[in-house]
>>> print(open('entry_27.txt').read())   # compact mmCIF, C-alpha atoms and all ligand atoms
# COMPACT_ATOMS: atom_id res chain seq x y z
CA MET A 1 81.38 -127.93 -26.37
CA ALA A 2 78.74 -125.58 -25.01
CA ALA A 3 76.83 -128.59 -23.70
CA ALA A 4 79.50 -129.27 -21.09
CA GLU A 5 79.46 -125.69 -19.90
CA SER A 6 77.24 -124.47 -17.11
CA PRO A 7 74.13 -122.55 -18.13
CA LEU A 8 74.79 -120.27 -15.13
CA LEU A 9 76.56 -116.95 -15.52
CA PRO A 10 80.04 -117.83 -14.27
CA VAL A 11 80.45 -115.04 -11.71
CA TYR A 12 80.85 -117.52 -8.85
CA ALA A 13 83.23 -120.43 -8.48
CA PRO A 14 81.42 -122.73 -6.04
CA PRO A 15 82.83 -126.08 -4.90
CA GLU A 16 81.29 -129.31 -6.19
CA GLN A 17 78.97 -130.05 -3.26
CA ILE A 18 75.25 -129.59 -3.76
CA PHE A 19 73.44 -129.09 -0.49
CA VAL A 20 69.96 -130.48 -0.19
CA ARG A 21 68.94 -130.32 3.47
CA GLY A 22 69.79 -128.48 6.67
CA GLU A 23 68.91 -128.66 10.32
CA GLY A 24 70.28 -126.36 13.01
CA CYS A 25 73.96 -125.74 12.27
CA TRP A 26 74.29 -128.83 10.07
CA ILE A 27 73.82 -129.19 6.34
CA TRP A 28 73.78 -132.30 4.12
CA ASP A 29 74.90 -132.67 0.51
CA ASP A 30 73.25 -134.84 -2.14
CA LYS A 31 75.61 -137.70 -1.31
CA GLY A 32 74.42 -137.72 2.29
CA GLU A 33 77.62 -136.17 3.68
CA LYS A 34 77.07 -133.96 6.71
CA TYR A 35 78.82 -130.61 7.26
CA LEU A 36 79.02 -128.16 10.16
CA ASP A 37 77.95 -124.80 8.77
CA CYS A 38 80.04 -121.96 10.23
CA ILE A 39 79.17 -119.40 7.58
CA ALA A 40 75.35 -119.66 7.42
CA GLY A 41 74.93 -118.43 3.85
CA ILE A 42 77.05 -115.43 4.86
CA ALA A 43 75.44 -114.47 8.14
CA VAL A 44 71.93 -115.22 6.92
CA ASN A 45 70.60 -118.36 8.63
CA ALA A 46 70.48 -116.65 12.03
CA LEU A 47 68.21 -119.27 13.60
CA GLY A 48 69.94 -122.17 11.85
CA HIS A 49 68.71 -124.20 8.88
CA ALA A 50 64.99 -124.81 8.45
CA PRO A 51 64.10 -123.65 11.97
CA PRO A 52 60.61 -124.95 12.91
CA VAL A 53 59.43 -121.50 14.02
CA LEU A 54 60.15 -120.02 10.57
CA GLN A 55 58.84 -123.08 8.73
CA LYS A 56 55.57 -122.64 10.55
CA ALA A 57 55.35 -118.91 9.80
CA LEU A 58 56.16 -119.45 6.14
CA THR A 59 53.87 -122.40 5.47
CA GLU A 60 50.93 -120.88 7.33
CA GLN A 61 51.29 -117.69 5.30
CA ALA A 62 51.80 -119.68 2.09
CA ALA A 63 48.37 -121.21 2.57
CA LYS A 64 46.78 -117.77 2.90
CA LEU A 65 48.19 -114.97 0.73
CA TRP A 66 51.49 -114.57 -1.10
CA HIS A 67 51.51 -111.20 -2.78
CA THR A 68 49.50 -108.05 -3.34
CA SER A 69 52.30 -105.50 -4.03
CA ASN A 70 52.62 -102.23 -2.18
CA MET A 71 49.52 -100.89 -3.94
CA PHE A 72 47.82 -102.30 -0.85
CA LYS A 73 48.59 -102.31 2.84
CA VAL A 74 50.47 -105.37 4.03
CA LYS A 75 49.61 -106.17 7.65
CA GLY A 76 52.92 -107.91 8.31
CA GLN A 77 54.80 -104.75 7.29
CA LEU A 78 52.95 -102.63 9.83
CA ASP A 79 53.60 -105.24 12.53
CA LEU A 80 57.31 -105.60 11.80
CA ALA A 81 57.92 -101.87 11.31
CA GLU A 82 56.27 -101.27 14.68
CA LYS A 83 58.66 -103.73 16.31
CA TYR A 84 61.77 -102.35 14.60
CA THR A 85 60.92 -98.75 15.44
CA ARG A 86 59.87 -99.65 19.00
CA ASP A 87 63.36 -101.05 19.63
CA CYS A 88 65.77 -98.76 17.76
CA PHE A 89 66.50 -95.17 16.71
CA ALA A 90 64.30 -95.32 13.59
CA ASP A 91 60.78 -93.95 13.12
CA VAL A 92 60.01 -95.26 9.63
CA VAL A 93 60.84 -98.44 7.70
CA PHE A 94 60.82 -99.47 4.04
CA PHE A 95 61.04 -103.19 3.24
CA THR A 96 63.23 -104.50 0.44
CA ASN A 97 64.23 -107.81 -1.13
CA SER A 98 67.95 -107.59 -0.52
CA GLY A 99 70.76 -105.74 1.16
CA THR A 100 71.71 -103.94 -2.01
CA GLU A 101 68.18 -102.63 -2.43
CA ALA A 102 68.25 -101.41 1.17
CA ILE A 103 71.53 -99.58 0.51
CA GLU A 104 70.19 -98.06 -2.69
CA GLY A 105 67.14 -96.75 -0.81
CA SER A 106 69.28 -95.42 2.04
CA LEU A 107 71.47 -93.44 -0.35
CA LYS A 108 68.45 -92.03 -2.18
CA LEU A 109 66.86 -91.02 1.14
CA VAL A 110 70.00 -89.13 2.16
CA ARG A 111 70.15 -87.05 -1.01
CA LYS A 112 66.41 -86.43 -0.96
CA TYR A 113 66.69 -85.09 2.59
CA HIS A 114 68.96 -82.30 1.47
CA THR A 115 66.77 -81.51 -1.53
CA ALA A 116 63.78 -81.30 0.80
CA ASN A 117 65.80 -78.89 2.94
CA GLY A 118 66.50 -76.68 -0.07
CA ASN A 119 70.12 -77.83 -0.41
CA PRO A 120 70.12 -79.87 -3.63
CA GLU A 121 73.87 -79.25 -4.03
CA ARG A 122 74.53 -81.58 -1.11
CA VAL A 123 75.02 -84.85 -2.97
CA ASP A 124 78.40 -86.24 -1.90
CA ILE A 125 78.45 -89.60 -0.13
CA ILE A 126 81.54 -90.58 1.82
CA GLY A 127 82.30 -94.30 1.96
CA PHE A 128 85.28 -96.28 3.21
CA ALA A 129 88.05 -98.29 1.64
CA GLY A 130 87.51 -101.97 2.36
CA SER A 131 83.75 -101.56 2.62
CA PHE A 132 81.09 -103.60 0.88
CA HIS A 133 77.57 -102.38 0.23
CA GLY A 134 76.31 -104.65 -2.56
CA ARG A 135 76.58 -104.79 -6.34
CA SER A 136 74.29 -102.09 -7.74
CA TYR A 137 75.91 -99.03 -9.32
CA ALA A 138 75.32 -96.86 -6.24
CA ALA A 139 76.59 -99.63 -3.95
CA ILE A 140 79.81 -100.27 -5.87
CA ASN A 141 80.48 -96.55 -6.10
CA ALA A 142 79.84 -96.05 -2.39
CA SER A 143 82.29 -98.84 -1.64
CA GLY A 144 84.81 -97.62 -4.20
CA ASN A 145 86.57 -100.98 -4.37
CA PRO A 146 88.21 -101.14 -7.84
CA SER A 147 87.54 -104.87 -8.17
CA TYR A 148 83.79 -104.19 -8.06
CA LEU A 149 83.98 -101.13 -10.33
CA ASP A 150 86.39 -102.15 -13.08
CA GLY A 151 84.83 -102.51 -16.51
CA PHE A 152 81.47 -101.12 -15.54
CA GLY A 153 81.92 -97.68 -17.02
CA PRO A 154 82.91 -94.40 -15.42
CA LYS A 155 82.80 -94.05 -11.67
CA LEU A 156 79.74 -92.10 -10.66
CA PRO A 157 80.26 -88.54 -9.44
CA GLY A 158 79.35 -87.80 -5.84
CA TYR A 159 81.14 -90.69 -4.14
CA LEU A 160 84.27 -90.20 -2.05
CA GLN A 161 86.39 -92.70 -0.10
CA ALA A 162 87.93 -92.24 3.32
CA THR A 163 90.04 -94.60 5.43
CA PHE A 164 88.15 -96.88 7.83
CA GLY A 165 88.93 -95.93 11.43
CA ASP A 166 90.58 -92.63 10.47
CA LEU A 167 88.42 -89.64 11.42
CA GLU A 168 90.91 -87.15 9.97
CA SER A 169 90.57 -88.77 6.54
CA VAL A 170 86.82 -88.14 6.77
CA LYS A 171 87.25 -84.53 7.86
CA ALA A 172 89.50 -83.95 4.86
CA LEU A 173 86.62 -84.88 2.51
CA VAL A 174 83.81 -83.02 4.24
CA GLY A 175 82.59 -79.81 2.65
CA PRO A 176 79.52 -77.82 1.60
CA THR A 177 78.42 -80.56 -0.83
CA THR A 178 78.60 -83.42 1.67
CA ALA A 179 75.26 -85.23 1.89
CA GLY A 180 76.08 -88.26 3.99
CA LEU A 181 78.40 -90.99 5.02
CA ILE A 182 77.97 -94.75 4.82
CA VAL A 183 79.80 -97.12 7.16
CA GLU A 184 79.59 -100.71 8.37
CA PRO A 185 79.91 -100.83 12.19
CA VAL A 186 81.75 -104.09 11.52
CA GLN A 187 83.17 -104.41 8.01
CA GLY A 188 82.28 -107.89 6.76
CA GLU A 189 83.55 -108.62 3.24
CA GLY A 190 86.45 -106.21 3.65
CA GLY A 191 88.13 -108.30 6.35
CA VAL A 192 85.88 -108.54 9.44
CA ARG A 193 87.01 -105.30 11.03
CA ALA A 194 85.03 -103.73 13.87
CA ALA A 195 84.94 -99.93 14.02
CA SER A 196 85.94 -98.54 17.41
CA ASP A 197 83.29 -96.81 19.51
CA GLU A 198 85.51 -93.75 19.48
CA PHE A 199 85.54 -93.66 15.67
CA LEU A 200 81.75 -93.97 15.47
CA ARG A 201 81.34 -91.23 18.09
CA GLY A 202 83.69 -89.00 16.11
CA LEU A 203 81.66 -89.55 12.94
CA ARG A 204 78.43 -88.71 14.77
CA LYS A 205 79.86 -85.50 16.18
CA LEU A 206 81.18 -84.43 12.79
CA ALA A 207 77.87 -85.20 11.07
CA ASP A 208 75.94 -83.16 13.62
CA GLU A 209 78.30 -80.22 13.28
CA VAL A 210 78.28 -80.19 9.48
CA GLY A 211 74.69 -81.32 8.96
CA PHE A 212 75.20 -84.47 6.93
CA LEU A 213 73.47 -87.80 7.57
CA ILE A 214 74.99 -91.09 8.69
CA ILE A 215 73.96 -94.43 7.20
CA PHE A 216 74.95 -97.54 9.09
CA ASP A 217 75.15 -100.54 6.79
CA GLU A 218 74.10 -103.30 9.19
CA VAL A 219 73.28 -105.77 6.44
CA GLN A 220 75.86 -108.20 7.81
CA SER A 221 76.46 -106.94 11.36
CA GLY A 222 72.78 -106.66 12.32
CA ALA A 223 70.06 -109.11 13.37
CA GLY A 224 71.87 -110.21 16.52
CA ARG A 225 75.10 -111.11 14.74
CA THR A 226 77.34 -109.26 17.22
CA GLY A 227 75.32 -110.05 20.34
CA LYS A 228 73.06 -107.00 20.17
CA MET A 229 70.19 -106.64 17.73
CA TRP A 230 72.18 -104.01 15.82
CA ALA A 231 75.95 -103.76 16.14
CA HIS A 232 75.90 -99.99 16.62
CA GLU A 233 74.13 -100.48 19.97
CA TRP A 234 77.50 -101.45 21.48
CA SER A 235 78.77 -97.93 20.85
CA GLY A 236 75.68 -96.00 21.91
CA VAL A 237 75.98 -94.07 18.64
CA THR A 238 72.86 -94.00 16.48
CA PRO A 239 72.71 -93.32 12.75
CA ASP A 240 70.11 -91.33 10.83
CA VAL A 241 69.54 -94.22 8.43
CA MET A 242 70.20 -97.95 8.63
CA ALA A 243 70.19 -100.67 5.99
CA VAL A 244 69.55 -104.26 7.09
CA ALA A 245 69.07 -107.62 5.35
CA LYS A 246 70.87 -111.00 5.56
CA GLY A 247 69.94 -112.30 9.04
CA VAL A 248 66.64 -110.43 9.42
CA GLY A 249 64.83 -112.99 7.26
CA GLY A 250 66.66 -116.00 8.67
CA GLY A 251 67.08 -117.31 5.11
CA PHE A 252 64.05 -115.77 3.43
CA PRO A 253 65.27 -113.00 1.11
CA MET A 254 64.31 -109.72 2.69
CA GLY A 255 65.82 -106.49 3.92
CA ALA A 256 64.84 -103.01 4.98
CA PHE A 257 66.06 -99.49 5.32
CA MET A 258 64.89 -97.35 8.17
CA ALA A 259 65.43 -93.80 9.30
CA THR A 260 64.39 -91.08 11.68
CA ARG A 261 61.29 -89.25 10.50
CA GLU A 262 63.39 -86.10 10.08
CA ALA A 263 65.97 -87.81 7.84
CA ALA A 264 63.17 -89.39 5.78
CA LYS A 265 61.35 -86.09 5.22
CA GLY A 266 61.98 -86.13 1.46
CA MET A 267 60.56 -89.62 0.94
CA VAL A 268 56.99 -88.79 0.04
CA VAL A 269 54.35 -90.53 -2.09
CA GLY A 270 55.72 -91.62 -5.44
CA VAL A 271 59.44 -91.01 -4.95
CA HIS A 272 60.46 -94.62 -4.27
CA GLY A 273 59.01 -98.11 -4.50
CA THR A 274 59.40 -101.86 -4.96
CA THR A 275 57.13 -104.60 -6.28
CA PHE A 276 58.19 -107.54 -4.15
CA GLY A 277 59.66 -105.79 -1.09
CA GLY A 278 57.77 -106.52 2.12
CA ASN A 279 55.46 -109.09 0.59
CA PRO A 280 53.34 -111.21 2.93
CA LEU A 281 55.62 -114.26 2.79
CA ALA A 282 58.71 -112.22 3.65
CA MET A 283 56.86 -110.39 6.40
CA ALA A 284 55.55 -113.60 7.98
CA VAL A 285 59.10 -114.91 8.24
CA GLY A 286 60.59 -111.53 9.17
CA ASN A 287 58.16 -111.10 12.06
CA ALA A 288 58.77 -114.61 13.38
CA CYS A 289 62.53 -114.18 13.06
CA TYR A 290 62.53 -110.83 14.85
CA ASP A 291 60.34 -112.22 17.64
CA GLU A 292 62.95 -114.93 18.28
CA LEU A 293 65.93 -112.57 18.07
CA SER A 294 64.33 -110.09 20.46
CA LYS A 295 63.88 -112.58 23.29
CA PRO A 296 66.36 -111.46 25.99
CA GLU A 297 67.39 -115.08 26.69
CA PHE A 298 68.17 -115.57 22.98
CA MET A 299 70.64 -112.68 22.88
CA GLU A 300 72.13 -113.67 26.25
CA ARG A 301 72.90 -117.06 24.77
CA VAL A 302 74.44 -115.47 21.65
CA ASN A 303 76.81 -113.52 23.88
CA VAL A 304 77.81 -116.64 25.81
CA VAL A 305 78.72 -118.60 22.68
CA ALA A 306 80.25 -115.52 21.05
CA ASN A 307 82.65 -115.14 23.97
CA PHE A 308 83.41 -118.83 23.81
CA LEU A 309 84.20 -118.52 20.09
CA GLY A 310 86.29 -115.39 20.61
CA GLN A 311 88.42 -117.11 23.24
CA ALA A 312 88.72 -120.27 21.20
CA LEU A 313 90.00 -118.26 18.24
CA GLU A 314 92.55 -116.52 20.48
CA GLY A 315 93.72 -120.03 21.35
CA VAL A 316 94.06 -120.89 17.66
CA LYS A 317 96.12 -117.75 17.14
CA ASP A 318 98.40 -118.62 20.06
CA ARG A 319 98.90 -122.19 18.83
CA HIS A 320 99.68 -121.16 15.25
CA PRO A 321 101.68 -117.90 15.43
CA ASP A 322 103.39 -118.70 12.13
CA LEU A 323 100.10 -118.68 10.23
CA VAL A 324 97.69 -116.47 12.19
CA VAL A 325 98.32 -112.72 12.42
CA GLU A 326 95.33 -111.74 14.56
CA THR A 327 91.72 -112.42 15.44
CA ARG A 328 89.07 -109.95 14.36
CA GLY A 329 85.40 -109.13 14.60
CA LYS A 330 82.67 -109.14 17.17
CA GLY A 331 80.05 -111.54 18.48
CA LEU A 332 79.47 -114.35 16.00
CA LEU A 333 81.04 -112.43 13.13
CA ARG A 334 84.69 -113.38 13.50
CA GLY A 335 87.81 -113.55 11.44
CA LEU A 336 91.28 -114.99 11.59
CA LYS A 337 93.73 -112.89 9.63
CA LEU A 338 96.20 -115.33 8.09
CA LYS A 339 99.63 -114.91 6.58
CA ILE A 340 98.49 -117.01 3.63
CA ASN A 341 95.55 -117.05 1.25
CA PRO A 342 92.60 -118.29 3.34
CA LYS A 343 90.98 -120.03 0.34
CA GLU A 344 93.30 -123.00 0.69
CA ILE A 345 92.46 -123.33 4.38
CA GLN A 346 88.77 -122.97 3.57
CA ALA A 347 88.98 -125.84 1.06
CA LYS A 348 90.82 -128.06 3.54
CA LEU A 349 88.20 -127.35 6.17
CA ARG A 350 85.50 -128.28 3.69
CA ALA A 351 87.28 -131.58 3.12
CA ARG A 352 86.95 -132.05 6.90
CA LYS A 353 83.25 -131.21 6.63
CA VAL A 354 83.40 -127.77 8.19
CA LEU A 355 82.14 -124.83 6.12
CA VAL A 356 83.66 -121.38 6.66
CA GLY A 357 83.92 -118.20 4.61
CA VAL A 358 86.73 -115.93 3.58
CA ALA A 359 86.91 -112.15 3.47
CA GLY A 360 89.29 -109.54 2.10
CA ASP A 361 92.73 -108.97 3.62
CA ASN A 362 93.48 -112.74 3.95
CA VAL A 363 90.79 -113.35 6.51
CA LEU A 364 89.13 -116.67 7.24
CA ARG A 365 85.58 -115.74 8.22
CA LEU A 366 83.21 -117.42 10.65
CA ALA A 367 79.56 -116.36 10.82
CA PRO A 368 77.71 -119.43 12.09
CA PRO A 369 74.01 -119.61 12.88
CA LEU A 370 73.38 -117.72 16.13
CA VAL A 371 72.06 -120.96 17.65
CA ILE A 372 75.46 -122.67 17.50
CA SER A 373 76.51 -124.53 20.68
CA GLU A 374 79.86 -124.62 22.48
CA ALA A 375 80.28 -128.25 21.39
CA GLU A 376 79.75 -127.30 17.76
CA ILE A 377 82.21 -124.42 18.08
CA SER A 378 84.77 -126.79 19.58
CA HIS A 379 84.21 -129.15 16.66
CA ALA A 380 85.00 -126.32 14.24
CA ILE A 381 88.01 -125.17 16.26
CA ASP A 382 89.45 -128.72 16.31
CA ALA A 383 89.16 -128.83 12.52
CA ILE A 384 90.82 -125.41 12.15
CA ASP A 385 93.65 -126.48 14.46
CA ALA A 386 94.15 -129.68 12.48
CA VAL A 387 94.19 -127.90 9.12
CA LEU A 388 96.61 -125.20 10.29
CA ALA A 389 98.92 -127.85 11.79
CA GLU A 390 98.79 -129.78 8.52
CA GLN A 391 99.59 -126.58 6.63
CA MET A 392 102.65 -125.92 8.81
CA ALA A 393 103.82 -129.50 8.46
CA GLN A 394 103.58 -129.18 4.65
CA ALA A 395 105.40 -125.85 4.67
CA GLY A 396 108.13 -127.28 6.86
CA ALA A 397 108.52 -130.47 4.82
C1 LIG B 1 75.86 -108.65 1.82
C2 LIG B 1 76.00 -107.22 2.08
C3 LIG B 1 75.34 -106.26 1.28
C4 LIG B 1 74.54 -106.63 0.07
O1 LIG B 1 73.43 -107.43 0.38
P1 LIG B 1 72.76 -108.34 -0.75
O2 LIG B 1 71.60 -108.96 -0.04
O3 LIG B 1 73.80 -109.31 -1.20
O4 LIG B 1 72.31 -107.44 -1.83
C5 LIG B 1 75.46 -104.93 1.63
N1 LIG B 1 76.19 -104.55 2.68
C6 LIG B 1 76.84 -105.44 3.47
C7 LIG B 1 77.62 -104.96 4.65
C8 LIG B 1 76.78 -106.79 3.18
O5 LIG B 1 77.44 -107.67 3.94
>>> encode(input="entry_27.txt", output="structure tokens", more="lines below")
Ligand SMILES: *Cc1c(COP(=O)(O)O)cnc(C)c1O
Amino acid sequence: MAAAESPLLPVYAPPEQIFVRGEGCWIWDDKGEKYLDCIAGIAVNALGHAPPVLQKALTEQAAKLWHTSNMFKVKGQLDLAEKYTRDCFADVVFFTNSGTEAIEGSLKLVRKYHTANGNPERVDIIGFAGSFHGRSYAAINASGNPSYLDGFGPKLPGYLQATFGDLESVKALVGPTTAGLIVEPVQGEGGVRAASDEFLRGLRKLADEVGFLIIFDEVQSGAGRTGKMWAHEWSGVTPDVMAVAKGVGGGFPMGAFMATREAAKGMVVGVHGTTFGGNPLAMAVGNACYDELSKPEFMERVNVVANFLGQALEGVKDRHPDLVVETRGKGLLRGLKLKINPKEIQAKLRARKVLVGVAGDNVLRLAPPLVISEAEISHAIDAIDAVLAEQMAQAGA
């Protein structure tokens, strides 16, 4: 009996395909079937599958030095931190292995800031309903989503939930023990919802008045995903702290949290650490990936195809008003809110060799490699049109 069961912890329910090779936006299974990848490992393969520029960076580094730990200086960390801080609000960077680890570090930094200021009572973190910040205890408590929390013991104290997009709901929670606030400029898992510039500006103003810190969780929305390096750049609002991961390694597991020097004032020798974070392999790939993403012509191209995708999805909505409620998202992080469970549509698209994701709130999610072409987008749109038409025909029959 046990022999037939998977030796993997059954917390995922993946389809039968086993993928063995990828190139650009295409990915092949072990039977040789070819699929168009419009989800990119959930917004990770920013430069597509096995991009030559990252292969080169990784294999050259692999022949030299893999790991020393943070007991020693890692040259690639200094290089990449210099680039990140040159181009954004942050002054200091800490490299991690994952998005969750970046979130964990961000939250710790925020509380430590207030302790360093002599206000250790300021511990409360405000998060938003529908958010996702990872699966560690701090991350699931910051998100507050019951489906991530249930069965894992008591909710941690010091985490409060407001309503995404509703500044008044935030104001109602702010008080003398508020330490910080964590928000995704574009909610990914929760249903591909972009925060308005006005909302982000309101949060910034409130934070400055009350003296709490803002964390932007750009784990999914960053690394060029919305057509700017970081999604918050669209609004002109800067955070005090930012967590990144997913696309920044282009498929190599890495992330980072970064902050202004002022916000990071409590993070001194010995208070935080990681064994693997920022190791030479990750940094070789992270530097090469960032160099590509920061080419102006690269981001110009992302915006061209992102507009093309946005318009194409509007077309899908107009052609299928009985199934599609609205289009959502920004750049190449897009969603179609459906009137039905998107999982069925996702499976039918997979049968047509197009891979997409789903998100909360009945949303079909697209987050293709940033190097996707108009022709590839049209290929995906044709498949979506066909599947939705088939769905309507079935419902009508
Ligand atoms: C994926 C994600 C995380 C968690 O990142 P992991 O690398 O899976 O730990 C955190 N925040 C957001 C917004 C994400 O999309």
>>> residues_near_ligand(input="entry_27.txt", ligand="ligand LIG 1 (chain B)", cutoff="9 Å", atoms="all atoms listed in the file", output="number ranges by chain")
A: 42-43, 97-103, 131-136, 139, 183-190, 217-221, 243-246, 253-255
>>> write_last_selection(input="entry_27.txt", atoms="C-alpha atoms", output="short mmCIF file (atom, residue, chain, number, x, y, z; two decimals), in the frame of the given file")
data_model
loop_
_atom_site.label_atom_id
_atom_site.label_comp_id
_atom_site.auth_asym_id
_atom_site.auth_seq_id
_atom_site.Cartn_x
_atom_site.Cartn_y
_atom_site.Cartn_z
CA ILE A 42 77.05 -115.43 4.86
CA ALA A 43 75.44 -114.47 8.14
CA ASN A 97 64.23 -107.81 -1.13
CA SER A 98 67.95 -107.59 -0.52
CA GLY A 99 70.76 -105.74 1.16
CA THR A 100 71.71 -103.94 -2.01
CA GLU A 101 68.18 -102.63 -2.43
CA ALA A 102 68.25 -101.41 1.17
CA ILE A 103 71.53 -99.58 0.51
CA SER A 131 83.75 -101.56 2.62
CA PHE A 132 81.09 -103.60 0.88
CA HIS A 133 77.57 -102.38 0.23
CA GLY A 134 76.31 -104.65 -2.56
CA ARG A 135 76.58 -104.79 -6.34
CA SER A 136 74.29 -102.09 -7.74
CA ALA A 139 76.59 -99.63 -3.95
CA VAL A 183 79.80 -97.12 7.16
CA GLU A 184 79.59 -100.71 8.37
CA PRO A 185 79.91 -100.83 12.19
CA VAL A 186 81.75 -104.09 11.52
CA GLN A 187 83.17 -104.41 8.01
CA GLY A 188 82.28 -107.89 6.76
CA GLU A 189 83.55 -108.62 3.24
CA GLY A 190 86.45 -106.21 3.65
CA ASP A 217 75.15 -100.54 6.79
CA GLU A 218 74.10 -103.30 9.19
CA VAL A 219 73.28 -105.77 6.44
CA GLN A 220 75.86 -108.20 7.81
CA SER A 221 76.46 -106.94 11.36
CA ALA A 243 70.19 -100.67 5.99
CA VAL A 244 69.55 -104.26 7.09
CA ALA A 245 69.07 -107.62 5.35
CA LYS A 246 70.87 -111.00 5.56
CA PRO A 253 65.27 -113.00 1.11
CA MET A 254 64.31 -109.72 2.69
CA GLY A 255 65.82 -106.49 3.92
#
>>> residues_around(input="entry_27.txt", residues="Ile384 in chain A", least_positions_apart="2", cutoff="10 Å", atoms="all atoms listed in the file", output="PDB file with C-alpha atoms, in the frame of the given file")
ATOM      1  CA  LEU A 313      90.000-118.260  18.240  1.00  0.00           C
ATOM      2  CA  VAL A 316      94.060-120.890  17.660  1.00  0.00           C
ATOM      3  CA  ILE A 345      92.460-123.330   4.380  1.00  0.00           C
ATOM      4  CA  GLN A 346      88.770-122.970   3.570  1.00  0.00           C
ATOM      5  CA  LYS A 348      90.820-128.060   3.540  1.00  0.00           C
ATOM      6  CA  LEU A 349      88.200-127.350   6.170  1.00  0.00           C
ATOM      7  CA  ARG A 352      86.950-132.050   6.900  1.00  0.00           C
ATOM      8  CA  VAL A 354      83.400-127.770   8.190  1.00  0.00           C
ATOM      9  CA  VAL A 356      83.660-121.380   6.660  1.00  0.00           C
ATOM     10  CA  SER A 378      84.770-126.790  19.580  1.00  0.00           C
ATOM     11  CA  HIS A 379      84.210-129.150  16.660  1.00  0.00           C
ATOM     12  CA  ALA A 380      85.000-126.320  14.240  1.00  0.00           C
ATOM     13  CA  ILE A 381      88.010-125.170  16.260  1.00  0.00           C
ATOM     14  CA  ASP A 382      89.450-128.720  16.310  1.00  0.00           C
ATOM     15  CA  ALA A 386      94.150-129.680  12.480  1.00  0.00           C
ATOM     16  CA  VAL A 387      94.190-127.900   9.120  1.00  0.00           C
ATOM     17  CA  LEU A 388      96.610-125.200  10.290  1.00  0.00           C
ATOM     18  CA  ALA A 389      98.920-127.850  11.790  1.00  0.00           C
ATOM     19  CA  GLU A 390      98.790-129.780   8.520  1.00  0.00           C
TER      20      GLU A 390
END
>>> atom_distance(input="entry_27.txt", atom1="CA of Pro10 in chain A", atom2="CA of Gly22 in chain A")
25.6 Å
>>> atom_distance(input="entry_27.txt", atom1="CA of Val324 in chain A", atom2="CA of Leu338 in chain A")
4.5 Å
>>> axis_aligned_box(input="entry_27.txt", around="range 337-356 of chain A", padding_each_side="6 Å", output="lines of an AutoDock Vina configuration file")
center_x = 90.9
center_y = -122.5
center_z = 5.0
size_x = 29.5
size_y = 31.2
size_z = 21.3
>>> residues_around(input="entry_27.txt", residues="Ile377 in chain A", least_positions_apart="6", cutoff="10 Å", atoms="only C-alpha atoms", output="mmCIF file with C-alpha atoms, in the coordinates of the input")
data_model
loop_
_atom_site.group_PDB
_atom_site.id
_atom_site.type_symbol
_atom_site.label_atom_id
_atom_site.label_comp_id
_atom_site.auth_asym_id
_atom_site.auth_seq_id
_atom_site.Cartn_x
_atom_site.Cartn_y
_atom_site.Cartn_z
ATOM 1 C CA LEU A 36 79.020 -128.160 10.160
ATOM 2 C CA CYS A 38 80.040 -121.960 10.230
ATOM 3 C CA VAL A 305 78.720 -118.600 22.680
ATOM 4 C CA ALA A 306 80.250 -115.520 21.050
ATOM 5 C CA PHE A 308 83.410 -118.830 23.810
ATOM 6 C CA LEU A 309 84.200 -118.520 20.090
ATOM 7 C CA ALA A 312 88.720 -120.270 21.200
ATOM 8 C CA LEU A 313 90.000 -118.260 18.240
ATOM 9 C CA PRO A 368 77.710 -119.430 12.090
ATOM 10 C CA ALA A 383 89.160 -128.830 12.520
#
>>> atom_distance(input="entry_27.txt", atom1="CA of Leu109 in chain A", atom2="CA of Val174 in chain A")
19.0 Å
>>> residues_around(input="entry_27.txt", residues="Leu332 in chain A", least_positions_apart="6", cutoff="6 Å", atoms="all atoms listed in the file", output="list in words")
Arg225, Thr226, Ala306 and Ala367 of chain A
>>> decode(input="entry_27.txt", residues="range 81-97 of chain A", atoms="C-alpha atoms", output="mmCIF file, in the first residue's frame")
data_model
loop_
_atom_site.group_PDB
_atom_site.id
_atom_site.type_symbol
_atom_site.label_atom_id
_atom_site.label_comp_id
_atom_site.auth_asym_id
_atom_site.auth_seq_id
_atom_site.Cartn_x
_atom_site.Cartn_y
_atom_site.Cartn_z
ATOM 1 C CA ALA A 81 24.085 45.364 -3.289
ATOM 2 C CA GLU A 82 25.865 48.300 -4.915
ATOM 3 C CA LYS A 83 23.647 47.955 -7.989
ATOM 4 C CA TYR A 84 20.413 47.588 -6.017
ATOM 5 C CA THR A 85 21.157 50.558 -3.781
ATOM 6 C CA ARG A 86 22.397 52.670 -6.714
ATOM 7 C CA ASP A 87 19.002 52.264 -8.388
ATOM 8 C CA CYS A 88 16.422 52.351 -5.586
ATOM 9 C CA PHE A 89 15.504 53.901 -2.229
ATOM 10 C CA ALA A 90 17.557 51.415 -0.190
ATOM 11 C CA ASP A 91 20.993 51.920 1.371
ATOM 12 C CA VAL A 92 21.655 48.412 2.696
ATOM 13 C CA VAL A 93 20.866 44.885 1.481
ATOM 14 C CA PHE A 94 20.768 41.433 3.083
ATOM 15 C CA PHE A 95 20.661 38.405 0.761
ATOM 16 C CA THR A 96 18.395 35.444 1.458
ATOM 17 C CA ASN A 97 17.456 32.107 -0.090
#
